file upload_19.txt (compact mmCIF, N, CA and C atoms and all ligand atoms)
# COMPACT_ATOMS: atom_id res chain seq x y z
N MET E 1 95.66 -123.58 42.39
CA MET E 1 96.78 -123.10 41.60
C MET E 1 96.67 -121.59 41.45
N VAL E 2 97.11 -120.91 42.42
CA VAL E 2 97.00 -119.46 42.47
C VAL E 2 97.72 -118.81 41.30
N VAL E 3 98.90 -119.29 40.99
CA VAL E 3 99.70 -118.66 39.95
C VAL E 3 99.30 -119.14 38.56
N VAL E 4 99.00 -120.41 38.43
CA VAL E 4 98.71 -120.98 37.11
C VAL E 4 97.39 -120.46 36.57
N ALA E 5 96.38 -120.35 37.39
CA ALA E 5 95.06 -119.93 36.90
C ALA E 5 95.12 -118.56 36.21
N PRO E 6 95.73 -117.54 36.80
CA PRO E 6 95.80 -116.26 36.07
C PRO E 6 96.62 -116.37 34.79
N ALA E 7 97.66 -117.19 34.80
CA ALA E 7 98.48 -117.34 33.61
C ALA E 7 97.69 -118.01 32.50
N ARG E 8 96.88 -119.01 32.82
CA ARG E 8 96.10 -119.71 31.79
C ARG E 8 95.14 -118.77 31.07
N ARG E 9 94.66 -117.75 31.75
CA ARG E 9 93.75 -116.82 31.10
C ARG E 9 94.44 -116.07 29.97
N LEU E 10 95.77 -115.93 30.06
CA LEU E 10 96.50 -115.22 29.01
C LEU E 10 96.97 -116.15 27.90
N LEU E 11 97.16 -117.44 28.22
CA LEU E 11 97.63 -118.39 27.21
C LEU E 11 96.44 -118.99 26.49
N ARG E 12 96.58 -119.19 25.18
CA ARG E 12 95.45 -119.66 24.40
C ARG E 12 95.74 -120.91 23.58
N GLY E 13 96.91 -121.46 23.66
CA GLY E 13 97.30 -122.58 22.80
C GLY E 13 96.81 -123.92 23.31
N ASP E 14 97.43 -124.97 22.82
CA ASP E 14 97.09 -126.34 23.20
C ASP E 14 97.78 -126.64 24.51
N SER E 15 97.06 -126.50 25.61
CA SER E 15 97.70 -126.72 26.90
C SER E 15 97.03 -127.87 27.63
N THR E 16 97.83 -128.66 28.27
CA THR E 16 97.35 -129.72 29.14
C THR E 16 98.10 -129.56 30.45
N ARG E 17 97.90 -130.50 31.33
CA ARG E 17 98.59 -130.44 32.61
C ARG E 17 100.11 -130.51 32.43
N TYR E 18 100.56 -131.20 31.40
CA TYR E 18 101.99 -131.45 31.27
C TYR E 18 102.67 -130.70 30.14
N ARG E 19 101.90 -130.08 29.25
CA ARG E 19 102.57 -129.40 28.16
C ARG E 19 101.74 -128.23 27.66
N ILE E 20 102.42 -127.25 27.16
CA ILE E 20 101.80 -126.11 26.52
C ILE E 20 102.61 -125.89 25.26
N THR E 21 102.03 -126.14 24.11
CA THR E 21 102.79 -125.98 22.87
C THR E 21 102.04 -125.07 21.91
N GLY E 22 102.80 -124.52 21.01
CA GLY E 22 102.21 -123.69 19.97
C GLY E 22 101.62 -122.40 20.49
N ASP E 23 102.01 -122.03 21.67
CA ASP E 23 101.47 -120.81 22.25
C ASP E 23 102.60 -119.84 22.52
N GLY E 24 102.25 -118.73 22.98
CA GLY E 24 103.23 -117.73 23.33
C GLY E 24 102.50 -116.44 23.63
N LEU E 25 103.25 -115.46 23.96
CA LEU E 25 102.67 -114.16 24.27
C LEU E 25 103.45 -113.08 23.55
N GLY E 26 102.73 -112.06 23.12
CA GLY E 26 103.39 -110.89 22.56
C GLY E 26 103.97 -110.06 23.69
N SER E 27 104.58 -108.99 23.32
CA SER E 27 105.26 -108.14 24.30
C SER E 27 104.29 -107.60 25.36
N ASP E 28 103.14 -107.10 24.93
CA ASP E 28 102.18 -106.52 25.89
C ASP E 28 101.63 -107.58 26.84
N ASP E 29 101.26 -108.75 26.28
CA ASP E 29 100.73 -109.83 27.14
C ASP E 29 101.81 -110.38 28.06
N SER E 30 103.04 -110.41 27.59
CA SER E 30 104.14 -110.87 28.46
C SER E 30 104.27 -109.96 29.67
N ARG E 31 104.23 -108.67 29.42
CA ARG E 31 104.32 -107.73 30.55
C ARG E 31 103.08 -107.83 31.44
N ALA E 32 101.92 -108.08 30.84
CA ALA E 32 100.70 -108.24 31.63
C ALA E 32 100.80 -109.47 32.54
N LEU E 33 101.33 -110.57 31.99
CA LEU E 33 101.50 -111.78 32.81
C LEU E 33 102.53 -111.54 33.90
N ALA E 34 103.59 -110.81 33.58
CA ALA E 34 104.59 -110.48 34.61
C ALA E 34 103.93 -109.70 35.75
N ASP E 35 103.03 -108.80 35.40
CA ASP E 35 102.32 -108.03 36.44
C ASP E 35 101.44 -108.93 37.29
N VAL E 36 100.75 -109.87 36.64
CA VAL E 36 99.89 -110.82 37.38
C VAL E 36 100.74 -111.62 38.35
N LEU E 37 101.85 -112.15 37.85
CA LEU E 37 102.72 -112.97 38.70
C LEU E 37 103.30 -112.14 39.85
N GLN E 38 103.68 -110.90 39.54
CA GLN E 38 104.26 -110.06 40.60
C GLN E 38 103.24 -109.77 41.69
N ARG E 39 101.98 -109.58 41.29
CA ARG E 39 100.93 -109.36 42.30
C ARG E 39 100.76 -110.60 43.17
N GLU E 40 100.85 -111.79 42.55
CA GLU E 40 100.73 -113.03 43.33
C GLU E 40 101.89 -113.15 44.31
N ILE E 41 103.08 -112.78 43.89
CA ILE E 41 104.25 -112.82 44.77
C ILE E 41 104.08 -111.80 45.89
N ASN E 42 103.75 -110.56 45.53
CA ASN E 42 103.64 -109.48 46.52
C ASN E 42 102.55 -109.73 47.55
N SER E 43 101.49 -110.40 47.14
CA SER E 43 100.38 -110.66 48.06
C SER E 43 100.70 -111.77 49.06
N GLY E 44 101.73 -112.56 48.75
CA GLY E 44 102.06 -113.71 49.60
C GLY E 44 101.37 -114.99 49.17
N ARG E 45 100.46 -114.89 48.20
CA ARG E 45 99.75 -116.09 47.74
C ARG E 45 100.70 -117.08 47.08
N CYS E 46 101.71 -116.58 46.39
CA CYS E 46 102.66 -117.47 45.72
C CYS E 46 103.44 -118.29 46.76
N GLU E 47 103.91 -117.63 47.79
CA GLU E 47 104.65 -118.33 48.85
C GLU E 47 103.74 -119.30 49.59
N ALA E 48 102.50 -118.88 49.83
CA ALA E 48 101.55 -119.78 50.51
C ALA E 48 101.32 -121.02 49.66
N TYR E 49 101.17 -120.82 48.35
CA TYR E 49 100.97 -121.96 47.47
C TYR E 49 102.19 -122.87 47.49
N ALA E 50 103.38 -122.27 47.46
CA ALA E 50 104.61 -123.07 47.46
C ALA E 50 104.67 -123.96 48.72
N LYS E 51 104.28 -123.41 49.85
CA LYS E 51 104.31 -124.18 51.10
C LYS E 51 103.28 -125.31 51.09
N ILE E 52 102.10 -125.00 50.58
CA ILE E 52 101.06 -126.04 50.49
C ILE E 52 101.52 -127.16 49.56
N ARG E 53 102.07 -126.77 48.42
CA ARG E 53 102.53 -127.77 47.44
C ARG E 53 103.64 -128.63 48.03
N GLU E 54 104.58 -127.99 48.71
CA GLU E 54 105.68 -128.75 49.31
C GLU E 54 105.14 -129.74 50.35
N ALA E 55 104.18 -129.31 51.15
CA ALA E 55 103.60 -130.20 52.16
C ALA E 55 102.86 -131.36 51.49
N GLU E 56 102.16 -131.07 50.40
CA GLU E 56 101.46 -132.13 49.68
C GLU E 56 102.44 -133.12 49.07
N LEU E 57 103.53 -132.61 48.49
CA LEU E 57 104.53 -133.50 47.88
C LEU E 57 105.16 -134.42 48.92
N ALA E 58 105.35 -133.88 50.12
CA ALA E 58 105.97 -134.68 51.18
C ALA E 58 105.10 -135.85 51.59
N THR E 59 103.80 -135.75 51.35
CA THR E 59 102.89 -136.83 51.76
C THR E 59 102.70 -137.88 50.67
N LEU E 60 103.15 -137.58 49.45
CA LEU E 60 102.94 -138.53 48.36
C LEU E 60 103.81 -139.77 48.55
N PRO E 61 103.24 -140.91 48.36
CA PRO E 61 104.04 -142.14 48.47
C PRO E 61 104.89 -142.35 47.22
N ASN E 62 105.95 -143.08 47.39
CA ASN E 62 106.73 -143.47 46.22
C ASN E 62 105.86 -144.33 45.32
N ARG E 63 106.26 -144.45 44.07
CA ARG E 63 105.52 -145.26 43.11
C ARG E 63 106.37 -146.47 42.71
N LEU E 64 105.72 -147.49 42.19
CA LEU E 64 106.46 -148.65 41.71
C LEU E 64 107.35 -148.25 40.56
N CYS E 65 108.52 -148.82 40.51
CA CYS E 65 109.45 -148.56 39.43
C CYS E 65 108.82 -148.97 38.10
N ASP E 66 108.95 -148.08 37.11
CA ASP E 66 108.38 -148.35 35.78
C ASP E 66 109.03 -149.54 35.09
N TYR E 67 110.28 -149.80 35.39
CA TYR E 67 111.02 -150.81 34.65
C TYR E 67 110.93 -152.20 35.27
N CYS E 68 111.03 -152.31 36.58
CA CYS E 68 111.03 -153.64 37.21
C CYS E 68 109.72 -153.95 37.92
N ALA E 69 108.76 -153.04 37.86
CA ALA E 69 107.44 -153.22 38.48
C ALA E 69 107.57 -153.54 39.96
N GLY E 70 108.57 -152.98 40.61
CA GLY E 70 108.72 -153.14 42.05
C GLY E 70 109.59 -154.30 42.48
N ALA E 71 110.02 -155.11 41.53
CA ALA E 71 110.82 -156.30 41.88
C ALA E 71 112.24 -155.94 42.33
N GLY E 72 112.76 -154.83 41.83
CA GLY E 72 114.11 -154.42 42.20
C GLY E 72 115.20 -155.08 41.36
N GLU E 73 114.83 -156.11 40.64
CA GLU E 73 115.79 -156.76 39.74
C GLU E 73 115.12 -157.06 38.41
N LEU E 74 115.93 -157.27 37.42
CA LEU E 74 115.42 -157.40 36.06
C LEU E 74 115.10 -158.85 35.71
N THR E 75 113.97 -159.01 35.02
CA THR E 75 113.61 -160.31 34.44
C THR E 75 113.73 -160.17 32.92
N THR E 76 113.55 -161.25 32.23
CA THR E 76 113.58 -161.21 30.76
C THR E 76 112.54 -160.21 30.24
N GLN E 77 111.37 -160.22 30.87
CA GLN E 77 110.30 -159.31 30.45
C GLN E 77 110.72 -157.84 30.64
N HIS E 78 111.38 -157.53 31.77
CA HIS E 78 111.81 -156.14 32.02
C HIS E 78 112.88 -155.72 31.01
N ILE E 79 113.78 -156.62 30.74
CA ILE E 79 114.84 -156.31 29.77
C ILE E 79 114.24 -156.05 28.39
N LYS E 80 113.23 -156.83 28.04
CA LYS E 80 112.55 -156.61 26.75
C LYS E 80 111.91 -155.23 26.73
N LEU E 81 111.29 -154.83 27.83
CA LEU E 81 110.67 -153.51 27.93
C LEU E 81 111.71 -152.41 27.75
N ILE E 82 112.84 -152.54 28.42
CA ILE E 82 113.91 -151.54 28.31
C ILE E 82 114.40 -151.45 26.86
N GLU E 83 114.58 -152.62 26.25
CA GLU E 83 115.05 -152.62 24.85
C GLU E 83 114.03 -151.98 23.93
N GLU E 84 112.74 -152.22 24.19
CA GLU E 84 111.70 -151.58 23.36
C GLU E 84 111.73 -150.07 23.55
N ARG E 85 111.92 -149.63 24.78
CA ARG E 85 111.98 -148.18 25.03
C ARG E 85 113.21 -147.57 24.38
N ARG E 86 114.30 -148.31 24.40
CA ARG E 86 115.51 -147.83 23.72
C ARG E 86 115.22 -147.59 22.24
N ALA E 87 114.45 -148.51 21.65
CA ALA E 87 114.17 -148.42 20.21
C ALA E 87 113.24 -147.27 19.88
N THR E 88 112.36 -146.89 20.81
CA THR E 88 111.39 -145.85 20.49
C THR E 88 111.84 -144.46 20.91
N PHE E 89 112.81 -144.36 21.84
CA PHE E 89 113.27 -143.04 22.24
C PHE E 89 114.20 -142.48 21.18
N GLN E 90 114.38 -141.17 21.22
CA GLN E 90 115.32 -140.56 20.30
C GLN E 90 116.72 -141.03 20.65
N ILE E 91 117.57 -140.97 19.71
CA ILE E 91 118.93 -141.49 19.85
C ILE E 91 119.58 -141.04 21.15
N GLY E 92 120.01 -142.00 21.92
CA GLY E 92 120.85 -141.70 23.08
C GLY E 92 120.14 -141.46 24.39
N SER E 93 118.87 -141.06 24.40
CA SER E 93 118.28 -140.64 25.67
C SER E 93 118.24 -141.78 26.69
N VAL E 94 117.76 -142.94 26.33
CA VAL E 94 117.69 -144.05 27.28
C VAL E 94 119.08 -144.62 27.53
N ASP E 95 119.90 -144.68 26.47
CA ASP E 95 121.26 -145.18 26.65
C ASP E 95 122.05 -144.30 27.61
N GLU E 96 121.84 -142.99 27.52
CA GLU E 96 122.53 -142.09 28.44
C GLU E 96 122.05 -142.32 29.86
N PHE E 97 120.75 -142.61 30.00
CA PHE E 97 120.18 -142.83 31.32
C PHE E 97 120.70 -144.12 31.94
N PHE E 98 120.73 -145.18 31.19
CA PHE E 98 121.11 -146.48 31.73
C PHE E 98 122.57 -146.84 31.51
N GLY E 99 123.27 -146.08 30.76
CA GLY E 99 124.65 -146.43 30.46
C GLY E 99 124.73 -146.86 29.01
N LEU E 100 125.59 -146.22 28.29
CA LEU E 100 125.67 -146.43 26.85
C LEU E 100 125.90 -147.90 26.51
N MET E 101 124.99 -148.44 25.71
CA MET E 101 125.10 -149.79 25.16
C MET E 101 125.22 -150.87 26.24
N HIS E 102 124.76 -150.59 27.44
CA HIS E 102 124.81 -151.59 28.50
C HIS E 102 123.94 -152.79 28.11
N LYS E 103 124.45 -153.98 28.29
CA LYS E 103 123.69 -155.20 28.02
C LYS E 103 123.15 -155.70 29.35
N PHE E 104 121.83 -155.67 29.51
CA PHE E 104 121.23 -156.06 30.77
C PHE E 104 121.16 -157.59 30.90
N ARG E 105 121.23 -158.05 32.14
CA ARG E 105 121.17 -159.49 32.43
C ARG E 105 120.03 -159.77 33.41
N VAL E 106 119.41 -160.93 33.26
CA VAL E 106 118.35 -161.35 34.18
C VAL E 106 118.94 -161.42 35.59
N GLY E 107 118.21 -160.88 36.56
CA GLY E 107 118.65 -160.90 37.94
C GLY E 107 119.50 -159.70 38.33
N GLU E 108 119.88 -158.91 37.37
CA GLU E 108 120.68 -157.71 37.64
C GLU E 108 119.82 -156.70 38.40
N LYS E 109 120.47 -155.94 39.28
CA LYS E 109 119.77 -154.90 40.03
C LYS E 109 119.20 -153.89 39.03
N CYS E 110 117.97 -153.53 39.22
CA CYS E 110 117.31 -152.60 38.30
C CYS E 110 118.07 -151.27 38.29
N PRO E 111 118.48 -150.81 37.10
CA PRO E 111 119.25 -149.57 37.02
C PRO E 111 118.40 -148.32 37.24
N CYS E 112 117.09 -148.45 37.10
CA CYS E 112 116.23 -147.29 37.25
C CYS E 112 116.02 -146.95 38.74
N CYS E 113 115.68 -147.96 39.54
CA CYS E 113 115.39 -147.74 40.97
C CYS E 113 116.56 -148.16 41.85
N LYS E 114 117.63 -148.62 41.27
CA LYS E 114 118.83 -149.08 41.99
C LYS E 114 118.50 -150.23 42.95
N GLY E 115 117.50 -151.03 42.54
CA GLY E 115 117.16 -152.23 43.30
C GLY E 115 116.14 -152.03 44.39
N THR E 116 115.65 -150.80 44.58
CA THR E 116 114.67 -150.57 45.65
C THR E 116 113.26 -150.95 45.25
N GLY E 117 112.99 -150.96 43.96
CA GLY E 117 111.64 -151.28 43.48
C GLY E 117 110.71 -150.09 43.45
N SER E 118 111.15 -148.94 43.97
CA SER E 118 110.26 -147.78 43.97
C SER E 118 111.01 -146.52 43.55
N LEU E 119 110.22 -145.56 43.12
CA LEU E 119 110.74 -144.27 42.67
C LEU E 119 109.96 -143.15 43.34
N GLU E 120 110.56 -141.97 43.40
CA GLU E 120 109.84 -140.82 43.93
C GLU E 120 108.63 -140.52 43.06
N PRO E 121 107.60 -139.92 43.64
CA PRO E 121 106.45 -139.52 42.82
C PRO E 121 106.89 -138.56 41.72
N ARG E 122 106.26 -138.67 40.56
CA ARG E 122 106.64 -137.80 39.44
C ARG E 122 106.49 -136.32 39.78
N ALA E 123 105.53 -135.98 40.59
CA ALA E 123 105.29 -134.57 40.91
C ALA E 123 106.52 -133.91 41.54
N ARG E 124 107.36 -134.68 42.21
CA ARG E 124 108.57 -134.10 42.81
C ARG E 124 109.60 -133.71 41.77
N SER E 125 109.39 -134.10 40.52
CA SER E 125 110.30 -133.72 39.45
C SER E 125 110.00 -132.32 38.92
N TYR E 126 108.95 -131.71 39.42
CA TYR E 126 108.56 -130.39 38.94
C TYR E 126 108.59 -129.40 40.10
N PRO E 127 109.78 -128.87 40.38
CA PRO E 127 109.90 -127.97 41.52
C PRO E 127 109.16 -126.66 41.31
N PHE E 128 108.68 -126.12 42.39
CA PHE E 128 108.00 -124.82 42.37
C PHE E 128 108.57 -123.99 43.49
N SER E 129 108.90 -122.74 43.19
CA SER E 129 109.37 -121.85 44.24
C SER E 129 109.04 -120.41 43.86
N VAL E 130 108.98 -119.58 44.86
CA VAL E 130 108.75 -118.15 44.62
C VAL E 130 109.88 -117.60 43.75
N GLU E 131 111.10 -118.10 43.97
CA GLU E 131 112.24 -117.62 43.18
C GLU E 131 112.07 -117.94 41.70
N ASN E 132 111.54 -119.12 41.40
CA ASN E 132 111.30 -119.48 40.00
C ASN E 132 110.25 -118.58 39.36
N VAL E 133 109.20 -118.31 40.11
CA VAL E 133 108.14 -117.44 39.59
C VAL E 133 108.68 -116.03 39.40
N GLN E 134 109.50 -115.58 40.37
CA GLN E 134 110.10 -114.24 40.25
C GLN E 134 111.01 -114.17 39.02
N GLY E 135 111.76 -115.22 38.80
CA GLY E 135 112.64 -115.26 37.63
C GLY E 135 111.86 -115.26 36.32
N PHE E 136 110.75 -115.99 36.32
CA PHE E 136 109.92 -116.02 35.11
C PHE E 136 109.28 -114.65 34.88
N ALA E 137 108.85 -114.01 35.95
CA ALA E 137 108.27 -112.66 35.81
C ALA E 137 109.31 -111.69 35.25
N ALA E 138 110.55 -111.81 35.70
CA ALA E 138 111.61 -110.93 35.18
C ALA E 138 111.84 -111.21 33.69
N PHE E 139 111.81 -112.51 33.33
CA PHE E 139 111.94 -112.87 31.91
C PHE E 139 110.81 -112.24 31.11
N LEU E 140 109.58 -112.39 31.60
CA LEU E 140 108.42 -111.87 30.87
C LEU E 140 108.50 -110.36 30.69
N ARG E 141 109.02 -109.68 31.69
CA ARG E 141 109.09 -108.22 31.64
C ARG E 141 110.11 -107.74 30.60
N SER E 142 111.11 -108.55 30.33
CA SER E 142 112.20 -108.08 29.45
C SER E 142 112.29 -108.82 28.11
N CYS E 143 111.47 -109.87 27.90
CA CYS E 143 111.67 -110.70 26.70
C CYS E 143 111.13 -110.10 25.41
N GLY E 144 110.17 -109.23 25.50
CA GLY E 144 109.59 -108.68 24.28
C GLY E 144 108.63 -109.63 23.58
N GLY E 145 108.21 -110.69 24.29
CA GLY E 145 107.32 -111.70 23.72
C GLY E 145 108.07 -113.00 23.53
N PHE E 146 107.32 -114.12 23.51
CA PHE E 146 107.95 -115.42 23.35
C PHE E 146 106.97 -116.41 22.72
N ARG E 147 107.50 -117.50 22.22
CA ARG E 147 106.69 -118.59 21.66
C ARG E 147 107.21 -119.90 22.26
N ILE E 148 106.28 -120.79 22.66
CA ILE E 148 106.62 -122.10 23.21
C ILE E 148 106.71 -123.09 22.06
N CYS E 149 107.83 -123.72 21.92
CA CYS E 149 108.03 -124.69 20.82
C CYS E 149 108.04 -126.10 21.34
ZN ZN U 201 113.30 -150.81 39.23

call {"tool": "encode", "arguments": {"input": "upload_19.txt", "output": "C-alpha cells"}}
result
Amino acid sequence: MVVVAPARRLLRGDSTRYRITGDGLGSDDSRALADVLQREINSGRCEAYAKIREAELATLPNRLCDYCAGAGELTTQHIKLIEERRATFQIGSVDEFFGLMHKFRVGEKCPCCKGTGSLEPRARSYPFSVENVQGFAAFLRSCGGFRIC
C-alpha cells in the first residue's frame, strides 16, 4: 500500500482496514499529506499500485450471496434473515435496496444476486485510481484541515 502507508503515519485516530473515525488533520498536516500523496503520484508509484490492485481484483472469485447462500432463490430461512436485517438497519436502507415494503415469497429469485447465487468480491466496491488520489490531494491542499465523523 504505497499511498496508504504514508497517510497512516499522519493519522492517529481509531483506524482499521474499513474505517477511520474520530480522526482528522489540521491545516499543516493536511498540506503535508497532500505533499506525500503528490510525491507518490509524481514518482509513478501510485499508478503502479493502481495497476497491481486492478490486476489483483480481476483475479478474485465471486463470493456466495449473503442472502441466499448461493441458492439463487429464497427459502423461509433466507426471508427470515432479510426481515431481521430490515429490523436492524436504519430506516429505509434495506427497503430501498430490495424495494420498499416488498413481501418476499419462498422460491422467489433472490433480489440481492438476481438469482445467480454469487456476488462480486467486496474489494471491487472500493475503487482506487490516480485521479481519486489526485482529487484527495487537491482537497487536502485547500481544505484548511478536516475531521472524519
Ligand atoms: Zn442471492

call {"tool": "residues_near_ligand", "arguments": {"input": "upload_19.txt", "ligand": "ligand ZN 201 (chain U)", "cutoff": "8 Å", "atoms": "only N, CA and C atoms and all ligand atoms", "output": "list in words"}}
result
Leu64, Cys65, Asp66, Tyr67, Cys68, Ala69, Gly70, Ala71, Gly72, Glu73, Leu74, Lys109, Cys110, Pro111, Cys112, Cys113, Lys114, Gly115, Thr116, Gly117, Ser118 and Leu119 of chain E

call {"tool": "atom_distance", "arguments": {"input": "upload_19.txt", "atom1": "atom C of E:Ser30", "atom2": "atom CA of E:Asn132"}}
result
15.7 Å

call {"tool": "atom_distance", "arguments": {"input": "upload_19.txt", "atom1": "atom CA of E:Arg122", "atom2": "atom CA of E:Ala55"}}
result
15.1 Å

call {"tool": "closest_residue", "arguments": {"input": "upload_19.txt", "among": "E:Glu40, E:Glu54, E:Glu47, E:Asp35", "to": "E:Tyr126", "atoms": "only C-alpha atoms"}}
result
E:Glu54

call {"tool": "residues_around", "arguments": {"input": "upload_19.txt", "residues": "E:Leu33", "least_positions_apart": "2", "cutoff": "8 Å", "atoms": "only N, CA and C atoms", "output": "ChimeraX atom specification"}}
result
/E:6-7,10,27-31,35-39,136-137,140-141

call {"tool": "axis_aligned_box", "arguments": {"input": "upload_19.txt", "around": "stretch 38-42 of chain E", "padding_each_side": "6 Å", "output": "lines of an AutoDock Vina configuration file"}}
result
center_x = 102.5
center_y = -111.3
center_z = 43.5
size_x = 15.5
size_y = 15.8
size_z = 20.0

call {"tool": "closest_residue", "arguments": {"input": "upload_19.txt", "among": "E:Ala87, E:Ala58, E:Ala123, E:Val133", "to": "E:Ile41", "atoms": "only C-alpha atoms"}}
result
E:Val133

call {"tool": "select_by_dssp", "arguments": {"input": "upload_19.txt", "residues": "stretch 47-132 of chain E", "states": "strand (DSSP E or B)", "output": "number ranges by chain"}}
result
E: 63-64, 73, 109, 118-119

call {"tool": "atom_distance", "arguments": {"input": "upload_19.txt", "atom1": "atom C of E:Thr75", "atom2": "atom CA of E:Glu108"}}
result
8.8 Å
